[in-house]
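Q: Structure file input.cif (mmCIF, C-alpha atoms) is given on the next line.
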data_work
loop_
_atom_site.label_atom_id
_atom_site.label_comp_id
_atom_site.auth_asym_id
_atom_site.auth_seq_id
_atom_site.Cartn_x
_atom_site.Cartn_y
_atom_site.Cartn_z
CA MET A 789 29.33 8.85 -41.26
CA ALA A 790 28.19 8.97 -37.67
CA THR A 791 24.56 8.21 -37.05
CA THR A 792 22.51 9.04 -34.03
CA MET A 793 19.92 6.68 -32.72
CA GLU A 794 16.88 8.24 -31.20
CA ARG A 795 16.12 6.79 -27.82
CA ARG A 796 12.66 6.26 -26.53
CA MET A 797 11.94 8.19 -23.36
CA TRP A 798 9.39 6.80 -20.91
CA ASP A 799 7.38 9.24 -18.81
CA LEU A 800 7.72 7.28 -15.59
CA LEU A 801 9.95 4.50 -14.35
CA LEU A 802 8.95 2.78 -11.12
CA ILE A 803 11.74 0.79 -9.50
CA LEU A 804 9.62 -1.52 -7.41
CA THR A 805 11.67 -3.37 -4.83
CA ALA A 806 9.12 -3.74 -2.03
CA ALA A 807 7.52 -7.15 -1.73
CA PRO A 808 3.92 -7.89 -2.62
CA HIS A 809 1.81 -8.82 0.43
CA SER A 810 4.03 -6.60 2.62
CA SER A 811 2.09 -3.37 2.24
CA ASP A 812 -0.17 -1.78 -0.37
CA VAL A 813 2.85 -0.62 -2.38
CA VAL A 814 2.04 -2.81 -5.39
CA THR A 815 -1.49 -1.44 -5.45
CA SER A 816 -0.19 2.12 -5.26
CA ALA A 817 2.35 1.47 -8.01
CA LEU A 818 -0.28 0.04 -10.33
CA ARG A 819 -2.78 2.80 -9.53
CA LEU A 820 -0.14 5.44 -10.26
CA SER A 821 0.82 3.65 -13.45
CA GLN A 822 -2.79 3.59 -14.59
CA ALA A 823 -3.22 7.28 -13.81
CA VAL A 824 -0.18 8.12 -15.96
CA LEU A 825 -1.50 5.90 -18.75
CA ASP A 826 -4.92 7.56 -18.51
CA ASN A 827 -3.14 10.87 -18.95
CA GLY A 828 -1.59 9.65 -22.20
CA GLY A 829 1.80 8.86 -20.68
CA SER A 830 4.00 5.79 -20.61
CA VAL A 831 5.23 3.73 -17.66
CA ARG A 832 7.86 1.13 -17.09
CA VAL A 833 8.10 -0.98 -13.95
CA TRP A 834 11.47 -2.39 -13.00
CA ALA A 835 10.69 -5.19 -10.54
CA CYS A 836 13.42 -6.07 -8.04
CA GLY A 837 13.50 -8.19 -4.90
CA TYR A 838 10.32 -10.11 -4.19
CA ALA A 839 8.43 -7.85 -6.59
CA THR A 840 9.76 -10.32 -9.17
CA MET A 841 7.14 -12.72 -7.80
CA MET A 842 4.37 -10.63 -9.34
CA THR A 843 4.92 -11.99 -12.80
CA GLN A 844 5.59 -15.68 -12.23
CA ASP A 845 3.81 -17.81 -14.82
CA THR A 846 3.23 -20.48 -12.18
CA PHE A 847 0.31 -18.42 -10.88
CA GLY A 848 -1.83 -19.17 -13.89
CA ASP A 849 -4.69 -16.82 -14.68
CA THR A 850 -6.49 -16.97 -11.36
CA LYS A 851 -5.64 -17.03 -7.70
CA LEU A 852 -6.22 -20.05 -5.51
CA PRO A 853 -9.90 -20.70 -4.73
CA ASN A 854 -11.53 -18.50 -2.14
CA THR A 855 -13.03 -21.02 0.27
CA ARG A 856 -15.67 -18.48 1.25
CA ASP A 857 -16.60 -17.74 -2.35
CA PRO A 858 -15.60 -20.79 -4.43
CA GLU A 859 -17.35 -19.51 -7.56
CA GLY A 860 -15.71 -16.08 -7.45
CA HIS A 861 -13.22 -14.94 -10.09
CA TYR A 862 -9.96 -13.60 -8.70
CA PRO A 863 -7.27 -12.81 -11.27
CA SER A 864 -3.71 -13.66 -10.35
CA PRO A 865 -1.02 -10.97 -10.03
CA SER A 866 0.60 -12.11 -13.28
CA ALA A 867 -2.73 -12.03 -15.10
CA ILE A 868 -3.28 -8.45 -13.91
CA VAL A 869 0.16 -7.35 -15.10
CA GLN A 870 -0.36 -9.18 -18.41
CA ARG A 871 -3.65 -7.41 -18.91
CA MET A 872 -2.13 -4.01 -18.18
CA ILE A 873 0.68 -4.66 -20.65
CA ALA A 874 -1.81 -5.70 -23.33
CA ASP A 875 -4.15 -2.79 -22.65
CA GLY A 876 -1.25 -0.34 -22.56
CA GLN A 877 -0.46 -1.05 -26.22
CA GLY A 878 3.23 -0.35 -25.83
CA ARG A 879 2.89 2.33 -23.17
CA PHE A 880 3.19 -0.02 -20.19
CA ALA A 881 6.10 -2.39 -19.78
CA TRP A 882 7.49 -4.63 -17.06
CA ILE A 883 11.13 -5.49 -16.50
CA GLY A 884 12.31 -8.28 -14.22
CA CYS A 885 15.72 -7.78 -12.61
CA THR A 886 17.71 -10.88 -13.51
CA ALA A 887 19.78 -10.82 -10.33
CA CYS A 888 16.78 -10.60 -8.01
CA THR A 889 14.99 -13.18 -10.11
CA GLU A 890 17.86 -15.62 -9.62
CA GLU A 891 18.35 -14.72 -5.98
CA ARG A 892 14.69 -15.45 -5.20
CA GLY A 893 14.48 -18.50 -7.42
CA ALA A 894 11.59 -16.76 -9.16
CA THR A 895 12.75 -17.56 -12.65
CA HIS A 896 9.51 -18.42 -14.45
CA HIS A 897 8.23 -15.08 -15.66
CA ILE A 898 5.35 -14.60 -18.05
CA PRO A 899 6.67 -14.01 -21.57
CA GLN A 900 5.70 -10.32 -21.59
CA VAL A 901 8.36 -9.57 -18.98
CA ARG A 902 11.64 -8.20 -20.22
CA HIS A 903 14.67 -9.56 -18.40
CA ARG A 904 17.40 -7.06 -17.55
CA SER A 905 20.64 -7.27 -15.66
CA PRO A 906 21.04 -4.76 -12.83
CA LEU A 907 24.06 -3.53 -14.77
CA ARG A 908 21.53 -1.83 -17.02
CA LEU A 909 19.72 -0.01 -14.26
CA ALA A 910 21.38 3.35 -14.87
CA ALA A 911 20.67 3.15 -18.59
CA THR A 912 17.05 2.34 -17.83
CA VAL A 913 16.83 5.31 -15.47
CA ALA A 914 18.35 7.50 -18.18
CA GLY A 915 15.56 6.37 -20.47
CA ALA A 916 12.86 7.85 -18.26
CA LYS A 917 11.86 11.44 -17.62
CA GLN A 918 10.86 10.61 -14.06
CA THR A 919 12.00 7.78 -11.79
CA LEU A 920 10.57 6.76 -8.45
CA TYR A 921 12.33 4.21 -6.28
CA LEU A 922 9.82 2.26 -4.20
CA GLY A 923 12.17 0.65 -1.71
CA GLY A 924 11.75 -2.24 0.65
CA ALA A 925 13.59 -5.25 -0.77
CA MET B 1082 20.09 35.69 2.31
CA ASP B 1083 20.70 32.50 4.26
CA ALA B 1084 23.31 30.34 2.56
CA GLN B 1085 20.94 27.42 2.98
CA THR B 1086 18.14 29.18 1.16
CA ALA B 1087 17.73 28.42 -2.53
CA ARG B 1088 17.59 31.40 -4.86
CA ALA B 1089 14.46 31.47 -6.97
CA ALA B 1090 16.45 30.45 -10.04
CA ASP B 1091 17.96 27.49 -8.20
CA ALA B 1092 14.80 26.33 -6.53
CA ALA B 1093 13.77 22.82 -7.38
CA SER B 1094 10.28 21.42 -7.51
CA TYR B 1095 9.67 18.29 -5.44
CA PHE B 1096 6.72 15.95 -5.35
CA LEU B 1097 7.22 13.84 -2.25
CA ILE B 1098 5.16 10.72 -1.68
CA GLU B 1099 4.83 9.50 1.90
CA SER B 1100 3.51 5.96 2.17
CA LYS B 1101 4.53 5.23 5.76
CA GLY B 1102 4.14 8.15 8.17
CA ASN B 1103 3.97 8.32 11.93
CA TRP B 1104 1.92 5.15 12.33
CA ALA B 1105 4.39 2.88 10.50
CA GLY B 1106 6.97 2.81 13.30
CA PRO B 1107 9.69 4.88 14.93
CA ASN B 1108 11.26 7.46 12.62
CA ALA B 1109 8.92 6.50 9.79
CA GLY B 1110 7.53 10.03 9.81
CA THR B 1111 10.92 11.70 9.43
CA PHE B 1112 10.36 12.03 5.71
CA LEU B 1113 7.82 14.77 6.35
CA LEU B 1114 10.50 16.71 8.21
CA ASP B 1115 12.74 16.33 5.14
CA ALA B 1116 9.90 17.84 3.14
CA ALA B 1117 9.57 20.75 5.56
CA ALA B 1118 13.32 21.41 5.49
CA LEU B 1119 13.32 21.53 1.68
CA ALA B 1120 10.37 23.91 1.64
CA GLU B 1121 11.92 26.13 4.29
CA ALA B 1122 15.07 26.27 2.16
CA GLY B 1123 13.05 27.83 -0.64
CA HIS B 1124 12.21 24.86 -2.85
CA ARG B 1125 8.75 24.15 -4.14
CA VAL B 1126 7.43 21.12 -2.29
CA ARG B 1127 4.21 19.21 -2.66
CA VAL B 1128 3.48 16.22 -0.43
CA PHE B 1129 1.21 13.32 -1.35
CA LEU B 1130 0.21 11.07 1.52
CA VAL B 1131 -0.69 7.53 0.47
CA GLU B 1132 -1.21 4.12 2.15
CA ASP B 1133 -0.43 4.40 5.89
CA GLY B 1134 1.01 7.85 5.21
CA VAL B 1135 -2.54 9.22 5.15
CA LEU B 1136 -2.81 8.61 8.89
CA SER B 1137 -0.43 11.55 9.42
CA ALA B 1138 -3.23 13.82 8.19
CA VAL B 1139 -5.53 12.87 11.06
CA GLY B 1140 -6.23 15.53 13.69
CA THR B 1141 -5.56 19.20 13.93
CA ASP B 1142 -2.26 19.34 15.75
CA THR B 1143 0.21 17.00 14.05
CA PRO B 1144 3.51 18.92 14.31
CA GLU B 1145 4.85 17.73 10.94
CA ILE B 1146 1.69 18.80 9.12
CA GLU B 1147 1.61 22.15 10.90
CA ARG B 1148 5.24 22.81 9.97
CA LEU B 1149 4.67 21.82 6.34
CA ALA B 1150 1.65 24.10 6.12
CA ALA B 1151 3.58 26.97 7.66
CA ALA B 1152 6.24 26.48 4.99
CA GLY B 1153 3.60 26.74 2.27
CA VAL B 1154 3.66 23.08 1.28
CA GLU B 1155 0.61 21.73 -0.50
CA ILE B 1156 -0.42 18.52 1.30
CA LEU B 1157 -2.53 16.03 -0.60
CA VAL B 1158 -4.16 12.91 0.80
CA ASP B 1159 -4.81 9.94 -1.47
CA ASP B 1160 -8.57 9.44 -1.55
CA PHE B 1161 -8.42 5.66 -1.99
CA SER B 1162 -6.04 5.12 0.95
CA ALA B 1163 -8.12 7.46 3.11
CA ALA B 1164 -11.35 5.60 2.34
CA GLN B 1165 -9.65 2.25 2.92
CA ARG B 1166 -8.71 3.44 6.40
CA ALA B 1167 -12.16 4.89 7.17
CA LEU B 1168 -10.80 8.42 7.44
CA GLY B 1169 -14.14 9.84 6.35
CA ALA B 1170 -15.25 8.94 9.87
CA THR B 1171 -12.61 11.11 11.55
CA LYS B 1172 -11.30 14.67 11.35
CA LEU B 1173 -8.44 15.55 9.03
CA SER B 1174 -6.11 18.51 9.34
CA PRO B 1175 -7.49 21.67 7.71
CA HIS B 1176 -4.16 21.95 5.87
CA VAL B 1177 -4.73 18.86 3.71
CA ARG B 1178 -7.05 18.02 0.87
CA LEU B 1179 -8.14 14.75 -0.68
CA ALA B 1180 -6.83 14.03 -4.17
CA GLY B 1181 -6.88 11.16 -6.60
CA MET B 1182 -3.88 9.39 -8.09
CA ASP B 1183 -4.46 11.45 -11.24
CA VAL B 1184 -3.13 14.48 -9.38
CA ALA B 1185 0.06 12.60 -8.52
CA ALA B 1186 0.41 11.43 -12.13
CA ALA B 1187 0.01 14.96 -13.47
CA ALA B 1188 2.54 16.37 -11.01
CA LEU B 1189 5.15 13.69 -11.64
CA THR B 1190 5.00 14.15 -15.39
CA GLN B 1191 5.53 17.90 -15.23
CA ASP B 1192 8.86 19.03 -16.61
CA GLY B 1193 11.45 19.54 -13.92
CA CYS B 1194 9.48 17.84 -11.17
CA ARG B 1195 11.60 15.66 -8.91
CA GLY B 1196 9.70 12.77 -7.40
CA VAL B 1197 10.70 10.93 -4.25
CA TRP B 1198 8.84 7.97 -2.75
CA HIS B 1199 9.09 6.97 0.89
CA MET C 952 -6.75 -49.49 9.77
CA THR C 953 -7.36 -45.82 9.21
CA THR C 954 -7.46 -43.16 11.85
CA THR C 955 -9.22 -39.83 11.76
CA ARG C 956 -7.65 -36.87 13.48
CA THR C 957 -10.30 -34.85 15.23
CA GLU C 958 -8.07 -33.15 17.75
CA ARG C 959 -8.53 -29.40 17.82
CA GLY C 960 -5.70 -26.95 18.15
CA PRO C 961 -5.10 -24.73 21.16
CA SER C 962 -6.91 -21.53 22.03
CA VAL C 963 -5.13 -18.64 20.37
CA LEU C 964 -5.20 -14.85 20.62
CA CYS C 965 -4.12 -13.36 17.29
CA VAL C 966 -2.83 -9.80 17.48
CA LEU C 967 -2.82 -7.86 14.25
CA ASP C 968 -0.85 -4.63 14.39
CA ARG C 969 0.16 -4.31 10.74
CA ALA C 970 -2.72 -3.80 8.37
CA TYR C 971 -3.09 -3.22 4.65
CA ARG C 972 -0.57 -5.74 3.42
CA GLY C 973 -1.52 -5.97 -0.20
CA ALA C 974 -4.75 -5.22 -2.05
CA VAL C 975 -4.41 -5.96 -5.79
CA GLU C 976 -2.27 -9.03 -5.21
CA ALA C 977 -4.03 -10.23 -2.04
CA GLN C 978 -7.72 -9.59 -2.81
CA PHE C 979 -9.58 -12.01 -0.50
CA PHE C 980 -6.35 -13.60 0.76
CA HIS C 981 -5.56 -11.18 3.59
CA ALA C 982 -4.83 -11.81 7.27
CA LEU C 983 -8.45 -11.75 8.43
CA TYR C 984 -9.42 -14.24 5.71
CA GLY C 985 -6.70 -16.56 6.98
CA LEU C 986 -8.17 -16.42 10.47
CA LEU C 987 -11.70 -16.99 9.20
CA ASP C 988 -10.50 -19.89 7.10
CA LEU C 989 -8.53 -21.63 9.84
CA HIS C 990 -10.33 -20.99 13.10
CA GLY C 991 -12.43 -24.14 12.87
CA GLN C 992 -9.25 -26.11 13.54
CA PHE C 993 -8.78 -24.46 16.90
CA GLU C 994 -10.53 -24.68 20.20
CA ARG C 995 -10.89 -20.91 20.27
CA MET C 996 -9.48 -18.05 18.27
CA ASP C 997 -9.85 -14.36 19.08
CA VAL C 998 -8.42 -11.29 17.38
CA ALA C 999 -6.97 -8.05 18.68
CA LEU C 1000 -6.53 -5.11 16.31
CA ARG C 1001 -3.89 -2.57 17.26
CA GLY C 1002 -2.16 0.44 15.73
CA ALA C 1003 -3.31 1.29 12.22
CA ALA C 1004 -5.14 -2.04 12.05
CA VAL C 1005 -7.93 -0.62 14.23
CA THR C 1006 -9.18 1.26 11.18
CA MET C 1007 -10.30 -2.07 9.72
CA ALA C 1008 -12.99 -2.18 12.41
CA VAL C 1009 -14.30 1.37 11.87
CA GLU C 1010 -17.62 1.53 10.05
CA GLU C 1011 -17.72 3.85 7.05
CA ASP C 1012 -19.46 3.93 3.69
CA VAL C 1013 -17.01 5.60 1.30
CA TYR C 1014 -14.54 2.83 0.52
CA ARG C 1015 -15.24 0.70 -2.53
CA PRO C 1016 -13.00 -2.38 -2.83
CA SER C 1017 -12.41 -1.76 -6.49
CA VAL C 1018 -9.75 -0.36 -8.78
CA ARG C 1019 -9.56 0.00 -12.56
CA LEU C 1020 -6.38 -1.26 -14.19
CA GLY C 1021 -6.37 -1.09 -17.96
CA THR C 1022 -9.74 -2.32 -19.17
CA MET C 1023 -10.14 -4.45 -16.06
CA VAL C 1024 -12.23 -3.33 -13.12
CA LEU C 1025 -10.83 -5.33 -10.27
CA ASP C 1026 -13.69 -5.28 -7.78
CA THR C 1027 -12.33 -8.01 -5.56
CA LEU C 1028 -10.02 -5.95 -3.34
CA PRO C 1029 -10.08 -6.69 0.39
CA ASP C 1030 -13.22 -5.71 2.26
CA TYR C 1031 -11.75 -5.43 5.74
CA ARG C 1032 -14.87 -4.15 7.48
CA GLY C 1033 -16.86 -6.98 5.96
CA SER C 1034 -14.28 -9.44 7.27
CA VAL C 1035 -14.47 -7.95 10.76
CA ARG C 1036 -18.25 -8.36 10.64
CA ASP C 1037 -17.70 -11.98 9.56
CA LEU C 1038 -15.31 -12.54 12.47
CA VAL C 1039 -17.95 -11.32 14.90
CA ALA C 1040 -20.67 -13.40 13.21
CA GLU C 1041 -18.51 -16.52 13.40
CA GLY C 1042 -17.91 -16.24 17.11
CA PHE C 1043 -14.48 -14.64 17.34
CA GLY C 1044 -13.89 -12.20 20.13
CA VAL C 1045 -12.65 -9.08 18.34
CA PHE C 1046 -10.80 -6.59 20.52
CA VAL C 1047 -9.91 -3.14 19.24
CA ASP C 1048 -7.23 -1.11 20.96
CA GLU C 1049 -8.80 1.94 22.55
CA ALA C 1050 -5.67 4.10 22.52
CA ALA C 1051 -5.28 3.78 18.75
CA VAL C 1052 -9.00 4.34 18.18
CA THR C 1053 -8.99 7.60 20.08
CA ALA C 1054 -5.60 8.74 18.76
CA LEU C 1055 -7.03 8.46 15.25
CA GLY C 1056 -10.04 10.54 16.24
CA PHE C 1057 -12.61 7.76 16.20
CA ALA C 1058 -15.17 7.00 18.88
CA PRO C 1059 -15.79 3.46 20.13
CA GLU C 1060 -19.38 3.81 18.89
CA GLN C 1061 -18.05 3.92 15.31
CA LEU C 1062 -16.64 0.41 15.53
CA VAL C 1063 -18.23 -2.62 13.92
CA ALA C 1064 -21.04 -3.89 16.17
CA GLY C 1065 -19.99 -6.76 18.38
CA THR C 1066 -16.34 -5.73 18.66
CA THR C 1067 -14.90 -4.74 22.05
CA CYS C 1068 -12.91 -1.54 22.47
CA LEU C 1069 -10.29 -2.32 25.07
CA ASP C 1070 -7.36 -0.70 26.83
CA SER C 1071 -4.00 -2.21 25.75
CA ALA C 1072 -3.02 -3.21 29.27
CA GLU C 1073 -6.37 -4.83 29.81
CA LEU C 1074 -5.84 -6.93 26.71
CA ALA C 1075 -2.38 -8.02 27.87
CA VAL C 1076 -3.69 -9.30 31.17
CA ARG C 1077 -6.11 -11.51 29.25
CA TRP C 1078 -3.23 -13.40 27.61
CA PRO C 1079 -3.26 -16.17 30.27
CA GLN C 1080 -6.78 -17.08 29.11
CA TYR C 1081 -5.23 -18.39 25.89
CA ASP C 1082 -2.82 -21.25 25.29
CA GLN C 1083 -0.91 -19.16 22.73
CA VAL C 1084 -0.58 -15.56 21.55
CA TRP C 1085 0.33 -14.96 17.92
CA PHE C 1086 1.30 -11.65 16.32
CA VAL C 1087 0.09 -12.24 12.79
#
Hey, can you dump this file as structure tokens for me?
A:
Amino acid sequence: MATTMERRMWDLLLILTAAPHSSDVVTSALRLSQAVLDNGGSVRVWACGYATMMTQDTFGDTKLPNTRDPEGHYPSPSAIVQRMIADGQGRFAWIGCTACTEERGATHHIPQVRHRSPLRLAATVAGAKQTLYLGGA
Amino acid sequence: MDAQTARAADAASYFLIESKGNWAGPNAGTFLLDAAALAEAGHRVRVFLVEDGVLSAVGTDTPEIERLAAAGVEILVDDFSAAQRALGATKLSPHVRLAGMDVAAAALTQDGCRGVWH
Amino acid sequence: MTTTRTERGPSVLCVLDRAYRGAVEAQFFHALYGLLDLHGQFERMDVALRGAAVTMAVEEDVYRPSVRLGTMVLDTLPDYRGSVRDLVAEGFGVFVDEAAVTALGFAPEQLVAGTTCLDSAELAVRWPQYDQVWFV
């Protein structure tokens, strides 16, 4: 007997290929993600190119010391993503493109990141009601 | 009816996000002309200016903004990006209005809305 | 025998014509911070803001360098105007391109106190006063 498997549909998929520290695109992507989450929706980020740097576990929890404010607390990019994943309770997820990860040598992702081959990009797009491609890799 | 004009039943709904605009380099603002062309062809188009894209909303005679407004396009300006760039201290086009990211989120999660990011 | 290097670097004009290169990920670590952090190594370091970067020198009181992500309020986003004030306070010459200021509808009086609103060509002819010019 044939069975059908129900597939989870995400409200928004952001294919983030622009590099951090190149423009405010990461900030916009995270702000938009949060707005969708606040609205009860779900968001997946597919990180390509240098966006794969965002979730490297080599950052640790905090950024390097601010020499002008040595006592200040500045969370690292990976700590911010980790916190959003935890707070999202299953409604916010982060995928690292395995090809871009290898190409950039950025292979040490935090454990919350799901690793996906670019061969699964179309399937991932099909699993979202809305996809935005934030180019720039 | 112009062959290029979408019939009401065929009209699509676009939410177009411009993060670059005229100040990001040559041809960076062409995306707004794409938006105008879609609107003039009968599609529903909303434009959300964000990051450096908000700079296209400055002044009262930006041709792209004027053309979008004439085509009935709703033009939104991200409030955070505008404040970051001190746009409260200058004059914005009367055809635009400030909006939060919540407006973009609501639009993009509407059924049938096609989102494009530039 | 140990030696101590006390030699200072050359005089440099740093031109910044691309602004807003990361907020959540950069926080304090943006271009102006880099200049503030490093200028003590150099004989002289001045800054010229051009294009969209001139907006970093416009005084305003709406922007809050803060964003909420999940349960975290990240209130450590870049404070560009504050950094421009720091540049002035720490002795940098800060030049702001007049053409961009006026094209964006600002008046020179709206710029951070101590900055100099300058015509682009006038800035270029000042290049020989510096050993090096860097587009940062």
Q: Neighbouring residues of stretch 884-891 of chain A were defined as those with any atom within 7 Å, considering all atoms listed in the file; residues of the same chain fewer than 6 positions away were excluded. Please report them as a PDB file with C-alpha atoms, keeping the file's coordinate frame.
A:
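Here's the written file selection-v3.pdb:
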ATOM      1  CA  TRP A 834      11.470  -2.390 -13.000  1.00  0.00           C
ATOM      2  CA  ALA A 835      10.690  -5.190 -10.540  1.00  0.00           C
ATOM      3  CA  CYS A 836      13.420  -6.070  -8.040  1.00  0.00           C
ATOM      4  CA  GLY A 837      13.500  -8.190  -4.900  1.00  0.00           C
ATOM      5  CA  THR A 840       9.760 -10.320  -9.170  1.00  0.00           C
ATOM      6  CA  VAL A 901       8.360  -9.570 -18.980  1.00  0.00           C
ATOM      7  CA  ARG A 902      11.640  -8.200 -20.220  1.00  0.00           C
ATOM      8  CA  HIS A 903      14.670  -9.560 -18.400  1.00  0.00           C
ATOM      9  CA  ARG A 904      17.400  -7.060 -17.550  1.00  0.00           C
ATOM     10  CA  SER A 905      20.640  -7.270 -15.660  1.00  0.00           C
ATOM     11  CA  PRO A 906      21.040  -4.760 -12.830  1.00  0.00           C
TER      12      PRO A 906
END
Q: What are the residues of chain C lining chain B at 8 Å or less? Count all atoms listed in the file, and put the answer as an NGL selection string.
A: :C and (971 or 1002-1003 or 1006-1007 or 1009-1011 or 1013-1015 or 1055-1057 or 1061)
Q: Quick one: everything within 9 Å of stretch 1111-1114 of chain B, counting all atoms listed in the file, minus sequence neighbours fewer than 4 positions away in the same chain. Send it as a list in words.
A: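 So the residues in contact are Leu1097, Glu1099, Lys1101, Gly1102, Asn1103, Pro1107, Ala1118, Leu1119, Val1128, Glu1145, Ile1146, Arg1148, Leu1149 and His1199 of chain B.
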Q: How far is it from atom CA of C:Val975 to atom CA of A:Lys917, in Å with one decimal?
A: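 Distance reported for this atom pair: 26.6 Å.
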Q: Select, from B:Ala1122, B:Ala1180, B:Val1154, B:Ala1185, the residue with the minimum atom-to-atom distance to B:Trp1198, counting all atoms listed in the file.
A: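 Of all the options, B:Ala1185 lies closest to B:Trp1198.
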Q: Name the residues in contact with B:Glu1155 at a cut-off of 8 Å, using only C-alpha atoms, excluding same-chain residues fewer than 2 positions from it; report them as an MDAnalysis selection string.
A: chainID B and resid 1126:1128 1149:1150 1153 1157 1176:1177
Q: Here's the selection I'm unsure about, the PyMOL selection byres ((chain A) within 10 of (chain C)); applied to the file above, which residues does it give, as a PyMOL selection string?
A: chain A and resi 807-816+818-823+825-826+842+851-857+860-866+868-869+871-876+880
Q: For the residues in that selection, give me C-alpha atoms as a tab-separated table (two decimals), in the frame of the given file.
A:
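Result saved to part.tsv:
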chain	number	residue	atom	x	y	z
A	807	ALA	CA	7.52	-7.15	-1.73
A	808	PRO	CA	3.92	-7.89	-2.62
A	809	HIS	CA	1.81	-8.82	0.43
A	810	SER	CA	4.03	-6.60	2.62
A	811	SER	CA	2.09	-3.37	2.24
A	812	ASP	CA	-0.17	-1.78	-0.37
A	813	VAL	CA	2.85	-0.62	-2.38
A	814	VAL	CA	2.04	-2.81	-5.39
A	815	THR	CA	-1.49	-1.44	-5.45
A	816	SER	CA	-0.19	2.12	-5.26
A	818	LEU	CA	-0.28	0.04	-10.33
A	819	ARG	CA	-2.78	2.80	-9.53
A	820	LEU	CA	-0.14	5.44	-10.26
A	821	SER	CA	0.82	3.65	-13.45
A	822	GLN	CA	-2.79	3.59	-14.59
A	823	ALA	CA	-3.22	7.28	-13.81
A	825	LEU	CA	-1.50	5.90	-18.75
A	826	ASP	CA	-4.92	7.56	-18.51
A	842	MET	CA	4.37	-10.63	-9.34
A	851	LYS	CA	-5.64	-17.03	-7.70
A	852	LEU	CA	-6.22	-20.05	-5.51
A	853	PRO	CA	-9.90	-20.70	-4.73
A	854	ASN	CA	-11.53	-18.50	-2.14
A	855	THR	CA	-13.03	-21.02	0.27
A	856	ARG	CA	-15.67	-18.48	1.25
A	857	ASP	CA	-16.60	-17.74	-2.35
A	860	GLY	CA	-15.71	-16.08	-7.45
A	861	HIS	CA	-13.22	-14.94	-10.09
A	862	TYR	CA	-9.96	-13.60	-8.70
A	863	PRO	CA	-7.27	-12.81	-11.27
A	864	SER	CA	-3.71	-13.66	-10.35
A	865	PRO	CA	-1.02	-10.97	-10.03
A	866	SER	CA	0.60	-12.11	-13.28
A	868	ILE	CA	-3.28	-8.45	-13.91
A	869	VAL	CA	0.16	-7.35	-15.10
A	871	ARG	CA	-3.65	-7.41	-18.91
A	872	MET	CA	-2.13	-4.01	-18.18
A	873	ILE	CA	0.68	-4.66	-20.65
A	874	ALA	CA	-1.81	-5.70	-23.33
A	875	ASP	CA	-4.15	-2.79	-22.65
A	876	GLY	CA	-1.25	-0.34	-22.56
A	880	PHE	CA	3.19	-0.02	-20.19
Q: Check the smallest atom-to-atom distance from each of A:Gln844, A:Ala894, A:Ala817, A:Pro858 to B:Ile1098 using only C-alpha atoms, then report the winner.
A: A:Ala817
